[in-house]
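As provided, model-v6.pdb (PDB, C-alpha atoms, pLDDT in the B column) reads as follows.
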```pdb
ATOM      1  CA  MET A   1      15.425   9.661 -19.922  1.00 48.00           C
ATOM      2  CA  ASP A   2      16.224   5.990 -19.267  1.00 61.00           C
ATOM      3  CA  THR A   3      13.658   3.735 -20.956  1.00 70.00           C
ATOM      4  CA  GLY A   4      14.239   0.848 -18.545  1.00 81.00           C
ATOM      5  CA  SER A   5      16.224  -1.242 -21.033  1.00 87.00           C
ATOM      6  CA  TRP A   6      18.753  -1.920 -18.263  1.00 91.00           C
ATOM      7  CA  PHE A   7      15.998  -3.615 -16.235  1.00 93.00           C
ATOM      8  CA  ILE A   8      15.061  -5.931 -19.105  1.00 92.00           C
ATOM      9  CA  GLN A   9      18.700  -6.914 -19.554  1.00 94.00           C
ATOM     10  CA  LEU A  10      19.050  -8.177 -15.961  1.00 95.00           C
ATOM     11  CA  ASP A  11      18.751 -11.885 -15.280  1.00 96.00           C
ATOM     12  CA  ALA A  12      16.114 -13.310 -12.930  1.00 97.00           C
ATOM     13  CA  TRP A  13      18.454 -13.548  -9.937  1.00 97.00           C
ATOM     14  CA  GLN A  14      19.544  -9.930 -10.359  1.00 97.00           C
ATOM     15  CA  VAL A  15      15.912  -8.812 -10.591  1.00 97.00           C
ATOM     16  CA  MET A  16      15.000 -10.589  -7.364  1.00 98.00           C
ATOM     17  CA  ALA A  17      18.065  -9.212  -5.555  1.00 98.00           C
ATOM     18  CA  LEU A  18      17.241  -5.708  -6.777  1.00 97.00           C
ATOM     19  CA  GLY A  19      13.640  -6.159  -5.657  1.00 97.00           C
ATOM     20  CA  LEU A  20      14.639  -7.197  -2.160  1.00 98.00           C
ATOM     21  CA  VAL A  21      16.979  -4.219  -1.753  1.00 97.00           C
ATOM     22  CA  PHE A  22      14.412  -1.844  -3.256  1.00 97.00           C
ATOM     23  CA  PHE A  23      11.418  -2.903  -1.152  1.00 97.00           C
ATOM     24  CA  GLY A  24      13.467  -3.391   2.007  1.00 97.00           C
ATOM     25  CA  SER A  25      15.034   0.065   1.767  1.00 97.00           C
ATOM     26  CA  LEU A  26      11.739   1.679   0.797  1.00 96.00           C
ATOM     27  CA  TYR A  27       9.919   0.125   3.737  1.00 96.00           C
ATOM     28  CA  CYS A  28      12.579   1.061   6.280  1.00 96.00           C
ATOM     29  CA  LEU A  29      12.714   4.644   5.048  1.00 97.00           C
ATOM     30  CA  GLY A  30       8.924   4.904   5.036  1.00 96.00           C
ATOM     31  CA  GLY A  31       8.472   3.401   8.501  1.00 96.00           C
ATOM     32  CA  TRP A  32      11.229   5.334  10.227  1.00 97.00           C
ATOM     33  CA  GLY A  33      10.448   8.540   8.354  1.00 97.00           C
ATOM     34  CA  MET A  34       6.745   8.490   9.227  1.00 97.00           C
ATOM     35  CA  THR A  35       7.467   7.620  12.859  1.00 96.00           C
ATOM     36  CA  ALA A  36       9.825  10.592  13.141  1.00 97.00           C
ATOM     37  CA  LEU A  37       7.392  12.902  11.327  1.00 97.00           C
ATOM     38  CA  THR A  38       4.367  12.117  13.495  1.00 96.00           C
ATOM     39  CA  ARG A  39       6.398  12.494  16.695  1.00 96.00           C
ATOM     40  CA  SER A  40       7.677  15.867  15.515  1.00 97.00           C
ATOM     41  CA  LEU A  41       4.190  17.065  14.557  1.00 96.00           C
ATOM     42  CA  ALA A  42       2.751  15.902  17.887  1.00 96.00           C
ATOM     43  CA  ARG A  43       5.409  17.854  19.796  1.00 96.00           C
ATOM     44  CA  ARG A  44       4.536  20.955  17.791  1.00 96.00           C
ATOM     45  CA  GLY A  45       0.804  20.528  18.312  1.00 95.00           C
ATOM     46  CA  ILE A  46       0.118  20.050  14.598  1.00 96.00           C
ATOM     47  CA  GLY A  47      -2.601  17.487  13.893  1.00 95.00           C
ATOM     48  CA  ARG A  48      -3.486  14.820  16.432  1.00 95.00           C
ATOM     49  CA  VAL A  49      -2.991  11.179  17.328  1.00 95.00           C
ATOM     50  CA  LEU A  50      -6.062   9.170  16.332  1.00 93.00           C
ATOM     51  CA  ASP A  51      -5.861   6.441  18.986  1.00 92.00           C
ATOM     52  CA  ALA A  52      -3.715   7.095  22.046  1.00 91.00           C
ATOM     53  CA  ARG A  53      -4.001   3.597  23.521  1.00 92.00           C
ATOM     54  CA  ALA A  54      -0.776   1.697  24.145  1.00 92.00           C
ATOM     55  CA  LEU A  55       0.347  -0.916  21.636  1.00 92.00           C
ATOM     56  CA  LYS A  56       0.081  -4.588  22.491  1.00 88.00           C
ATOM     57  CA  PRO A  57       3.329  -5.865  24.081  1.00 90.00           C
ATOM     58  CA  ASP A  58       4.394  -7.922  21.065  1.00 93.00           C
ATOM     59  CA  GLN A  59       2.872  -5.774  18.334  1.00 95.00           C
ATOM     60  CA  LEU A  60       5.972  -4.142  16.863  1.00 95.00           C
ATOM     61  CA  ARG A  61       7.927  -7.403  16.862  1.00 95.00           C
ATOM     62  CA  ARG A  62       5.049  -9.136  15.084  1.00 96.00           C
ATOM     63  CA  GLU A  63       4.684  -6.312  12.562  1.00 96.00           C
ATOM     64  CA  TRP A  64       8.403  -6.383  11.752  1.00 96.00           C
ATOM     65  CA  ARG A  65       8.333 -10.168  11.292  1.00 96.00           C
ATOM     66  CA  GLN A  66       5.282 -10.141   9.042  1.00 96.00           C
ATOM     67  CA  SER A  67       6.607  -7.142   7.122  1.00 96.00           C
ATOM     68  CA  LEU A  68       9.806  -9.060   6.399  1.00 96.00           C
ATOM     69  CA  HIS A  69       7.720 -11.801   4.797  1.00 96.00           C
ATOM     70  CA  SER A  70       5.923  -9.206   2.664  1.00 97.00           C
ATOM     71  CA  VAL A  71       9.196  -7.574   1.587  1.00 97.00           C
ATOM     72  CA  LEU A  72      10.442 -11.008   0.516  1.00 97.00           C
ATOM     73  CA  ILE A  73       7.283 -11.617  -1.531  1.00 97.00           C
ATOM     74  CA  PHE A  74       7.269  -8.162  -3.128  1.00 97.00           C
ATOM     75  CA  GLY A  75      11.005  -8.224  -3.820  1.00 97.00           C
ATOM     76  CA  ILE A  76      11.116 -11.720  -5.317  1.00 97.00           C
ATOM     77  CA  GLY A  77       7.839 -10.958  -7.079  1.00 97.00           C
ATOM     78  CA  MET A  78       9.544  -8.325  -9.228  1.00 97.00           C
ATOM     79  CA  VAL A  79      10.515 -11.246 -11.433  1.00 97.00           C
ATOM     80  CA  VAL A  80       6.881 -11.484 -12.614  1.00 97.00           C
ATOM     81  CA  PRO A  81       6.617  -8.095 -14.402  1.00 97.00           C
ATOM     82  CA  TRP A  82      10.182  -8.684 -15.632  1.00 97.00           C
ATOM     83  CA  GLY A  83       8.989 -12.024 -16.997  1.00 97.00           C
ATOM     84  CA  LEU A  84       6.096 -10.374 -18.849  1.00 97.00           C
ATOM     85  CA  LEU A  85       8.619  -8.150 -20.589  1.00 96.00           C
ATOM     86  CA  GLN A  86      10.909 -11.090 -21.375  1.00 96.00           C
ATOM     87  CA  LEU A  87       8.047 -13.064 -22.900  1.00 96.00           C
ATOM     88  CA  GLY A  88       6.913 -10.117 -24.975  1.00 95.00           C
ATOM     89  CA  TRP A  89       3.499 -10.084 -23.302  1.00 97.00           C
ATOM     90  CA  ALA A  90       4.159  -6.511 -22.186  1.00 96.00           C
ATOM     91  CA  GLN A  91       6.268  -3.709 -23.623  1.00 95.00           C
ATOM     92  CA  LEU A  92       7.758  -0.499 -22.264  1.00 94.00           C
ATOM     93  CA  ALA A  93       7.260   2.784 -24.059  1.00 93.00           C
ATOM     94  CA  PRO A  94      10.609   3.818 -25.611  1.00 89.00           C
ATOM     95  CA  SER A  95      10.029   7.472 -24.713  1.00 88.00           C
ATOM     96  CA  ALA A  96       7.466   9.680 -23.030  1.00 88.00           C
ATOM     97  CA  SER A  97       6.847  13.356 -22.434  1.00 92.00           C
ATOM     98  CA  ALA A  98       6.471  14.764 -18.955  1.00 93.00           C
ATOM     99  CA  GLY A  99       2.735  15.137 -19.594  1.00 95.00           C
ATOM    100  CA  ARG A 100       2.371  11.482 -20.576  1.00 95.00           C
ATOM    101  CA  ILE A 101       4.290  10.333 -17.514  1.00 95.00           C
ATOM    102  CA  ALA A 102       2.058  12.461 -15.269  1.00 96.00           C
ATOM    103  CA  LEU A 103      -1.091  11.022 -16.889  1.00 97.00           C
ATOM    104  CA  GLU A 104       0.222   7.463 -16.579  1.00 97.00           C
ATOM    105  CA  ILE A 105       1.033   7.933 -12.907  1.00 97.00           C
ATOM    106  CA  ALA A 106      -2.389   9.478 -12.263  1.00 96.00           C
ATOM    107  CA  ALA A 107      -4.126   6.579 -14.035  1.00 97.00           C
ATOM    108  CA  LEU A 108      -2.079   4.030 -12.087  1.00 97.00           C
ATOM    109  CA  LEU A 109      -2.940   5.712  -8.785  1.00 95.00           C
ATOM    110  CA  VAL A 110      -6.657   5.580  -9.613  1.00 95.00           C
ATOM    111  CA  TRP A 111      -6.268   1.925 -10.626  1.00 97.00           C
ATOM    112  CA  ASN A 112      -4.401   1.338  -7.377  1.00 95.00           C
ATOM    113  CA  ASP A 113      -7.461   2.455  -5.429  1.00 95.00           C
ATOM    114  CA  VAL A 114      -9.799   0.285  -7.520  1.00 96.00           C
ATOM    115  CA  HIS A 115      -7.483  -2.730  -7.276  1.00 96.00           C
ATOM    116  CA  PHE A 116      -7.028  -2.261  -3.530  1.00 96.00           C
ATOM    117  CA  TRP A 117     -10.758  -1.896  -2.861  1.00 96.00           C
ATOM    118  CA  LEU A 118     -11.586  -5.062  -4.825  1.00 96.00           C
ATOM    119  CA  ASN A 119      -8.910  -7.185  -3.146  1.00 96.00           C
ATOM    120  CA  HIS A 120      -9.502  -5.676   0.294  1.00 95.00           C
ATOM    121  CA  ARG A 121     -13.231  -6.325  -0.003  1.00 96.00           C
ATOM    122  CA  LEU A 122     -12.504  -9.947  -0.978  1.00 96.00           C
ATOM    123  CA  LEU A 123     -10.264 -10.273   2.069  1.00 96.00           C
ATOM    124  CA  HIS A 124     -13.242  -9.395   4.235  1.00 95.00           C
ATOM    125  CA  THR A 125     -15.389 -12.198   2.815  1.00 94.00           C
ATOM    126  CA  ARG A 126     -15.989 -15.404   4.757  1.00 92.00           C
ATOM    127  CA  ARG A 127     -13.663 -17.482   2.572  1.00 93.00           C
ATOM    128  CA  LEU A 128     -10.669 -15.147   2.678  1.00 95.00           C
ATOM    129  CA  VAL A 129     -10.958 -13.244   5.953  1.00 94.00           C
ATOM    130  CA  ARG A 130      -8.649 -15.742   7.666  1.00 93.00           C
ATOM    131  CA  PHE A 131      -5.827 -14.376   5.497  1.00 94.00           C
ATOM    132  CA  HIS A 132      -6.601 -10.797   6.564  1.00 94.00           C
ATOM    133  CA  GLY A 133      -6.818 -11.354  10.293  1.00 91.00           C
ATOM    134  CA  ASP A 134      -3.055 -10.939  10.746  1.00 90.00           C
ATOM    135  CA  HIS A 135      -3.275  -7.358   9.557  1.00 93.00           C
ATOM    136  CA  HIS A 136      -6.233  -6.505  11.787  1.00 92.00           C
ATOM    137  CA  ARG A 137      -4.418  -7.687  14.892  1.00 90.00           C
ATOM    138  CA  SER A 138      -2.990  -4.149  14.806  1.00 91.00           C
ATOM    139  CA  VAL A 139      -6.044  -2.307  16.113  1.00 89.00           C
ATOM    140  CA  VAL A 140      -3.886   0.689  16.996  1.00 92.00           C
ATOM    141  CA  THR A 141      -1.880   0.974  13.806  1.00 94.00           C
ATOM    142  CA  THR A 142       1.722   2.061  13.324  1.00 95.00           C
ATOM    143  CA  PRO A 143       3.726   2.807  10.161  1.00 96.00           C
ATOM    144  CA  TRP A 144       5.034  -0.759  10.509  1.00 96.00           C
ATOM    145  CA  SER A 145       1.493  -2.114  10.151  1.00 95.00           C
ATOM    146  CA  THR A 146       1.682  -1.179   6.470  1.00 94.00           C
ATOM    147  CA  TYR A 147       3.207  -4.458   5.229  1.00 95.00           C
ATOM    148  CA  SER A 148       2.181  -6.514   8.259  1.00 95.00           C
ATOM    149  CA  PHE A 149      -0.067  -9.091   6.660  1.00 93.00           C
ATOM    150  CA  HIS A 150      -0.407 -12.735   5.599  1.00 95.00           C
ATOM    151  CA  PRO A 151       1.588 -13.900   2.529  1.00 96.00           C
ATOM    152  CA  ILE A 152      -1.671 -14.560   0.630  1.00 96.00           C
ATOM    153  CA  GLU A 153      -2.683 -10.941   1.179  1.00 96.00           C
ATOM    154  CA  ALA A 154       0.765  -9.805   0.041  1.00 96.00           C
ATOM    155  CA  ILE A 155       0.348 -11.744  -3.210  1.00 96.00           C
ATOM    156  CA  MET A 156      -3.139 -10.339  -3.789  1.00 95.00           C
ATOM    157  CA  LEU A 157      -2.147  -6.727  -3.165  1.00 94.00           C
ATOM    158  CA  GLY A 158       1.263  -6.963  -4.807  1.00 93.00           C
ATOM    159  CA  ASN A 159       0.105  -7.634  -8.377  1.00 94.00           C
ATOM    160  CA  ILE A 160      -1.114  -4.081  -8.950  1.00 95.00           C
ATOM    161  CA  ILE A 161       0.881  -3.315 -12.112  1.00 96.00           C
ATOM    162  CA  LEU A 162       0.434  -6.628 -13.950  1.00 97.00           C
ATOM    163  CA  LEU A 163      -2.946  -5.992 -15.599  1.00 97.00           C
ATOM    164  CA  PRO A 164      -2.079  -2.396 -16.613  1.00 97.00           C
ATOM    165  CA  MET A 165       1.153  -3.677 -18.215  1.00 97.00           C
ATOM    166  CA  LEU A 166      -0.868  -6.063 -20.393  1.00 96.00           C
ATOM    167  CA  VAL A 167      -3.168  -3.359 -21.765  1.00 96.00           C
ATOM    168  CA  HIS A 168      -0.830  -0.380 -22.165  1.00 96.00           C
ATOM    169  CA  ASP A 169       2.849   0.255 -22.906  1.00 96.00           C
ATOM    170  CA  PHE A 170       3.884   2.321 -19.898  1.00 96.00           C
ATOM    171  CA  TYR A 171       7.051   4.278 -19.546  1.00 95.00           C
ATOM    172  CA  PHE A 172       9.435   2.532 -17.137  1.00 95.00           C
ATOM    173  CA  TRP A 173       9.497   5.293 -14.543  1.00 93.00           C
ATOM    174  CA  SER A 174       5.710   5.545 -14.512  1.00 95.00           C
ATOM    175  CA  LEU A 175       5.567   1.897 -13.407  1.00 95.00           C
ATOM    176  CA  ALA A 176       8.465   2.364 -10.990  1.00 94.00           C
ATOM    177  CA  SER A 177       6.590   5.186  -9.254  1.00 95.00           C
ATOM    178  CA  VAL A 178       3.745   2.864  -8.220  1.00 94.00           C
ATOM    179  CA  PRO A 179       5.447   1.026  -5.318  1.00 94.00           C
ATOM    180  CA  VAL A 180       7.009   4.274  -4.087  1.00 95.00           C
ATOM    181  CA  LEU A 181       3.769   6.254  -4.050  1.00 94.00           C
ATOM    182  CA  SER A 182       1.772   3.254  -2.871  1.00 94.00           C
ATOM    183  CA  LEU A 183       4.038   2.740   0.116  1.00 94.00           C
ATOM    184  CA  LEU A 184       4.011   6.460   0.953  1.00 94.00           C
ATOM    185  CA  LEU A 185       0.210   6.606   0.895  1.00 93.00           C
ATOM    186  CA  ASN A 186      -0.081   3.319   2.782  1.00 94.00           C
ATOM    187  CA  VAL A 187       2.312   4.473   5.516  1.00 95.00           C
ATOM    188  CA  ILE A 188       0.255   7.657   5.860  1.00 94.00           C
ATOM    189  CA  GLY A 189      -2.897   5.529   6.132  1.00 93.00           C
ATOM    190  CA  HIS A 190      -1.408   3.488   8.967  1.00 95.00           C
ATOM    191  CA  ALA A 191       0.335   6.349  10.768  1.00 95.00           C
ATOM    192  CA  ASN A 192      -2.428   6.586  13.423  1.00 95.00           C
ATOM    193  CA  TYR A 193      -2.236  10.338  12.949  1.00 96.00           C
ATOM    194  CA  ASP A 194      -4.761  12.865  11.655  1.00 95.00           C
ATOM    195  CA  PHE A 195      -2.622  15.327   9.718  1.00 95.00           C
ATOM    196  CA  PHE A 196      -5.536  17.573   8.699  1.00 94.00           C
ATOM    197  CA  PRO A 197      -8.247  17.328  11.396  1.00 93.00           C
ATOM    198  CA  ARG A 198     -10.394  20.059   9.855  1.00 91.00           C
ATOM    199  CA  VAL A 199     -11.058  18.378   6.497  1.00 91.00           C
ATOM    200  CA  SER A 200     -14.019  16.053   5.957  1.00 88.00           C
ATOM    201  CA  ASP A 201     -13.725  12.268   6.111  1.00 86.00           C
ATOM    202  CA  THR A 202     -14.025  12.025   2.311  1.00 86.00           C
ATOM    203  CA  HIS A 203     -11.295  14.587   1.610  1.00 88.00           C
ATOM    204  CA  PRO A 204      -8.140  13.215  -0.092  1.00 86.00           C
ATOM    205  CA  LEU A 205      -6.099  14.534   2.853  1.00 88.00           C
ATOM    206  CA  ALA A 206      -8.110  12.440   5.346  1.00 90.00           C
ATOM    207  CA  ALA A 207      -6.767   9.042   4.207  1.00 90.00           C
ATOM    208  CA  SER A 208      -5.202   8.263   7.580  1.00 91.00           C
ATOM    209  CA  ARG A 209      -8.488   8.994   9.363  1.00 91.00           C
ATOM    210  CA  ARG A 210     -10.465   6.800   6.957  1.00 90.00           C
ATOM    211  CA  HIS A 211      -8.151   3.841   7.397  1.00 90.00           C
ATOM    212  CA  HIS A 212      -8.090   4.334  11.153  1.00 88.00           C
ATOM    213  CA  LEU A 213     -11.875   4.028  11.067  1.00 88.00           C
ATOM    214  CA  HIS A 214     -11.517   0.782   9.116  1.00 90.00           C
ATOM    215  CA  HIS A 215      -9.283  -0.728  11.795  1.00 88.00           C
ATOM    216  CA  ALA A 216     -11.706   0.477  14.462  1.00 83.00           C
ATOM    217  CA  ARG A 217     -14.745  -0.852  12.580  1.00 82.00           C
ATOM    218  CA  PRO A 218     -13.619  -3.319   9.877  1.00 82.00           C
ATOM    219  CA  ALA A 219     -16.946  -3.547   8.018  1.00 84.00           C
ATOM    220  CA  GLY A 220     -16.302  -0.596   5.722  1.00 85.00           C
ATOM    221  CA  ASN A 221     -13.726   1.871   4.387  1.00 90.00           C
ATOM    222  CA  TYR A 222     -12.091  -0.699   2.130  1.00 92.00           C
ATOM    223  CA  GLY A 223     -10.519   1.966  -0.084  1.00 91.00           C
ATOM    224  CA  PHE A 224      -6.901   3.022  -0.271  1.00 86.00           C
ATOM    225  CA  ALA A 225      -5.868   6.686  -0.464  1.00 88.00           C
ATOM    226  CA  LEU A 226      -9.067   8.053  -1.991  1.00 88.00           C
ATOM    227  CA  ALA A 227     -12.686   7.768  -0.911  1.00 89.00           C
ATOM    228  CA  PHE A 228     -14.417   7.345  -4.281  1.00 92.00           C
ATOM    229  CA  MET A 229     -14.671   3.535  -4.255  1.00 94.00           C
ATOM    230  CA  ASP A 230     -16.264   3.450  -0.798  1.00 91.00           C
ATOM    231  CA  GLN A 231     -18.651   6.213  -1.811  1.00 92.00           C
ATOM    232  CA  LEU A 232     -19.522   4.452  -5.062  1.00 93.00           C
ATOM    233  CA  MET A 233     -19.992   1.044  -3.406  1.00 93.00           C
ATOM    234  CA  ARG A 234     -21.648   2.508  -0.281  1.00 92.00           C
ATOM    235  CA  THR A 235     -19.084   1.043   2.116  1.00 92.00           C
ATOM    236  CA  ARG A 236     -17.942   4.258   3.764  1.00 89.00           C
ATOM    237  CA  VAL A 237     -17.633   4.291   7.558  1.00 83.00           C
ATOM    238  CA  LYS A 238     -18.968   7.568   8.908  1.00 74.00           C
ATOM    239  CA  SER A 239     -17.841   7.362  12.514  1.00 60.00           C
ATOM    240  CA  ALA A 240     -15.882   5.109  14.824  1.00 45.00           C
ATOM    241  CA  PRO A 241     -16.575   3.961  18.379  1.00 43.00           C
ATOM    242  CA  GLY A 242     -14.030   4.044  21.131  1.00 41.00           C
ATOM    243  CA  PRO A 243     -11.217   6.459  21.947  1.00 40.00           C
ATOM    244  CA  ARG A 244      -9.955   8.916  19.377  1.00 38.00           C
TER     245      ARG A 244
END
```
Mind converting the file's structure to structure tokens?
Amino acid sequence: MDTGSWFIQLDAWQVMALGLVFFGSLYCLGGWGMTALTRSLARRGIGRVLDARALKPDQLRREWRQSLHSVLIFGIGMVVPWGLLQLGWAQLAPSASAGRIALEIAALLVWNDVHFWLNHRLLHTRRLVRFHGDHHRSVVTTPWSTYSFHPIEAIMLGNIILLPMLVHDFYFWSLASVPVLSLLLNVIGHANYDFFPRVSDTHPLAASRRHHLHHARPAGNYGFALAFMDQLMRTRVKSAPGPR
């Protein structure tokens, strides 16, 4: 399998151009795909919409504009992990078995939840909440709410792989899976759709319900796809007021 040597050999401008195409394409596919999926499921009577209220008149336009800013930051920001490799501060594993790749991806997904909870909790503190308000303007979320946030929040949430790269030599495709899986899980979380209504709020398949509760009642449910950080830190939201 490719070790990622081709990525290291790119120059900075090529890395940033690749990042913009990668994140832009990923976001469009995720947003359109999830919109089509939830509409199809609703027509078939599978699952349920979490909040049936109409969107604010300018919401989608605002989400697209703010998401563009985030795509620019994430795409250009690919030069940072590339820079760590260029400086020799991080290394890529020259080879890896399928088992190692699976373990690396699993570890990165757990770290993703820890990293997200810590940064998300900071964004709800008095000093930083002003940078998170843009995201919470979407009370009724859509798949396009996923990247709809302030540039400071984009920088905070977008550095997920940097610390892991400094402490472990990951295989290239293990690292490359992080933005793909992160976006997929984040789009699910903002889909405003309960895909598995019968599972409990703490079940891994109830991520969209948990994040819906966070937008309905922001003081809690700071986690990402899993519930363990909110359970551990006692920040889980058990119910939400208003329409469901």
Discussion item. Since I can't run it myself right now, could you work out what the PyMOL selection byres ((chain A and resi 19) around 10) selects here and report it as a ChimeraX atom specification?
Written reply: /A:13-18,20-25,71-79
Would you export the selected residues with C-alpha atoms as a PDB file, in the coordinates of the input, please?
```
ATOM      1  CA  TRP A  13      18.454 -13.548  -9.937  1.00 97.00           C
ATOM      2  CA  GLN A  14      19.544  -9.930 -10.359  1.00 97.00           C
ATOM      3  CA  VAL A  15      15.912  -8.812 -10.591  1.00 97.00           C
ATOM      4  CA  MET A  16      15.000 -10.589  -7.364  1.00 98.00           C
ATOM      5  CA  ALA A  17      18.065  -9.212  -5.555  1.00 98.00           C
ATOM      6  CA  LEU A  18      17.241  -5.708  -6.777  1.00 97.00           C
ATOM      7  CA  LEU A  20      14.639  -7.197  -2.160  1.00 98.00           C
ATOM      8  CA  VAL A  21      16.979  -4.219  -1.753  1.00 97.00           C
ATOM      9  CA  PHE A  22      14.412  -1.844  -3.256  1.00 97.00           C
ATOM     10  CA  PHE A  23      11.418  -2.903  -1.152  1.00 97.00           C
ATOM     11  CA  GLY A  24      13.467  -3.391   2.007  1.00 97.00           C
ATOM     12  CA  SER A  25      15.034   0.065   1.767  1.00 97.00           C
ATOM     13  CA  VAL A  71       9.196  -7.574   1.587  1.00 97.00           C
ATOM     14  CA  LEU A  72      10.442 -11.008   0.516  1.00 97.00           C
ATOM     15  CA  ILE A  73       7.283 -11.617  -1.531  1.00 97.00           C
ATOM     16  CA  PHE A  74       7.269  -8.162  -3.128  1.00 97.00           C
ATOM     17  CA  GLY A  75      11.005  -8.224  -3.820  1.00 97.00           C
ATOM     18  CA  ILE A  76      11.116 -11.720  -5.317  1.00 97.00           C
ATOM     19  CA  GLY A  77       7.839 -10.958  -7.079  1.00 97.00           C
ATOM     20  CA  MET A  78       9.544  -8.325  -9.228  1.00 97.00           C
ATOM     21  CA  VAL A  79      10.515 -11.246 -11.433  1.00 97.00           C
TER      22      VAL A  79
END
```
Discussion item. Using only C-alpha atoms - which residues lie no farther than 10 Å from the point (-0.2, -9.4, -4.3) in the file's frame? Write them as number ranges by chain.
Written reply: A: 70, 73-74, 77, 116, 119, 151-161
Practice prompt. Do a neighbour search on segment 181-196 of chain A at 6 Å with all atoms listed in the file, toss out local chain neighbours closer than 6 positions, and write the hits as a PyMOL selection string.
Written response: chain A and resi 47-50+141-143+146+207-209+211
Writer output for current selection, C-alpha atoms, as a tab-separated table (two decimals), in the coordinates of the input:
```
chain	number	residue	atom	x	y	z
A	47	GLY	CA	-2.60	17.49	13.89
A	48	ARG	CA	-3.49	14.82	16.43
A	49	VAL	CA	-2.99	11.18	17.33
A	50	LEU	CA	-6.06	9.17	16.33
A	141	THR	CA	-1.88	0.97	13.81
A	142	THR	CA	1.72	2.06	13.32
A	143	PRO	CA	3.73	2.81	10.16
A	146	THR	CA	1.68	-1.18	6.47
A	207	ALA	CA	-6.77	9.04	4.21
A	208	SER	CA	-5.20	8.26	7.58
A	209	ARG	CA	-8.49	8.99	9.36
A	211	HIS	CA	-8.15	3.84	7.40
```
Fill in: Contacts of Leu122 of chain A at 12 Å (all atoms listed in the file; same-chain gap of 4+ positions) as number ranges by chain
A: 115-118, 126-132, 152-153, 156-157, 219, 222
Item to complete: Output the residue selection produced by the PyMOL selection byres ((chain A and resi 230) around 12) on the file above, formatted as a PyMOL selection string.
Response: chain A and resi 113-114+116-118+120-121+201-202+210-211+214+219-229+231-238
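From atom CA of Trp111 of chain A back to atom CA of Pro164 of chain A, the distance works out to 8.5 Å.
For the set A:Thr3, A:Ser174, A:His203, A:Pro197, the residue with the smallest atom-to-atom gap to Pro94 of chain A is A:Thr3, counting all atoms listed in the file.
Coordinates place atom CA of His215 of chain A at a distance of 5.6 Å from atom CA of Val139 of chain A.
The shortest atom-to-atom distance to Leu213 of chain A, with all atoms listed in the file taken into account, belongs to A:Val140 out of A:Ala93, A:Arg100, A:Val140, A:Asp11.
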Point (4.3, -9.6, -22.5) neighbourhood (9 Å, only C-alpha atoms) written as a PDB file with C-alpha atoms, in the frame of the given file:
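File produced: part_0.pdb:
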```pdb
ATOM      1  CA  PRO A  81       6.617  -8.095 -14.402  1.00 97.00           C
ATOM      2  CA  GLY A  83       8.989 -12.024 -16.997  1.00 97.00           C
ATOM      3  CA  LEU A  84       6.096 -10.374 -18.849  1.00 97.00           C
ATOM      4  CA  LEU A  85       8.619  -8.150 -20.589  1.00 96.00           C
ATOM      5  CA  GLN A  86      10.909 -11.090 -21.375  1.00 96.00           C
ATOM      6  CA  LEU A  87       8.047 -13.064 -22.900  1.00 96.00           C
ATOM      7  CA  GLY A  88       6.913 -10.117 -24.975  1.00 95.00           C
ATOM      8  CA  TRP A  89       3.499 -10.084 -23.302  1.00 97.00           C
ATOM      9  CA  ALA A  90       4.159  -6.511 -22.186  1.00 96.00           C
ATOM     10  CA  GLN A  91       6.268  -3.709 -23.623  1.00 95.00           C
ATOM     11  CA  MET A 165       1.153  -3.677 -18.215  1.00 97.00           C
ATOM     12  CA  LEU A 166      -0.868  -6.063 -20.393  1.00 96.00           C
TER      13      LEU A 166
END
```
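Closest approach to Leu162 of chain A from the set A:Val180, A:Ala36, A:Ala98, A:Val80 is made by A:Val80, with distances taken over only C-alpha atoms.
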Residues in the PyMOL selection byres ((chain A and resi 135) around 8), expressed as a compact mmCIF listing (two decimals) with C-alpha atoms, keeping the file's coordinate frame:
```txt
# COMPACT_ATOMS: atom_id res chain seq x y z
CA HIS A 132 -6.60 -10.80 6.56
CA GLY A 133 -6.82 -11.35 10.29
CA ASP A 134 -3.06 -10.94 10.75
CA HIS A 136 -6.23 -6.50 11.79
CA ARG A 137 -4.42 -7.69 14.89
CA SER A 138 -2.99 -4.15 14.81
CA SER A 145 1.49 -2.11 10.15
CA SER A 148 2.18 -6.51 8.26
CA PHE A 149 -0.07 -9.09 6.66
CA HIS A 150 -0.41 -12.74 5.60
```
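Comparing A:Gly33, A:Pro179, A:Pro218, A:Gly45 by their smallest distance to Trp144 of chain A, the closest is A:Gly33 (using all atoms listed in the file).
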Per-axis box centre and lengths in Å around segment 69-88 of chain A, 4 Å margin per side, axis-aligned, as AutoDock Vina command-line options:
```
--center_x 8.5 --center_y -10.3 --center_z -10.1 --size_x 13.2 --size_y 13.5 --size_z 37.8
```
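The interatomic distance for the pair atom CA of Gly4 of chain A and atom CA of Tyr27 of chain A works out to 22.7 Å.
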Response to the item:
Min atom-atom distance to Ser67 of chain A from the set A:Leu109, A:Ile46, A:Cys28, A:Ser40, counting only C-alpha atoms, belongs to A:Cys28
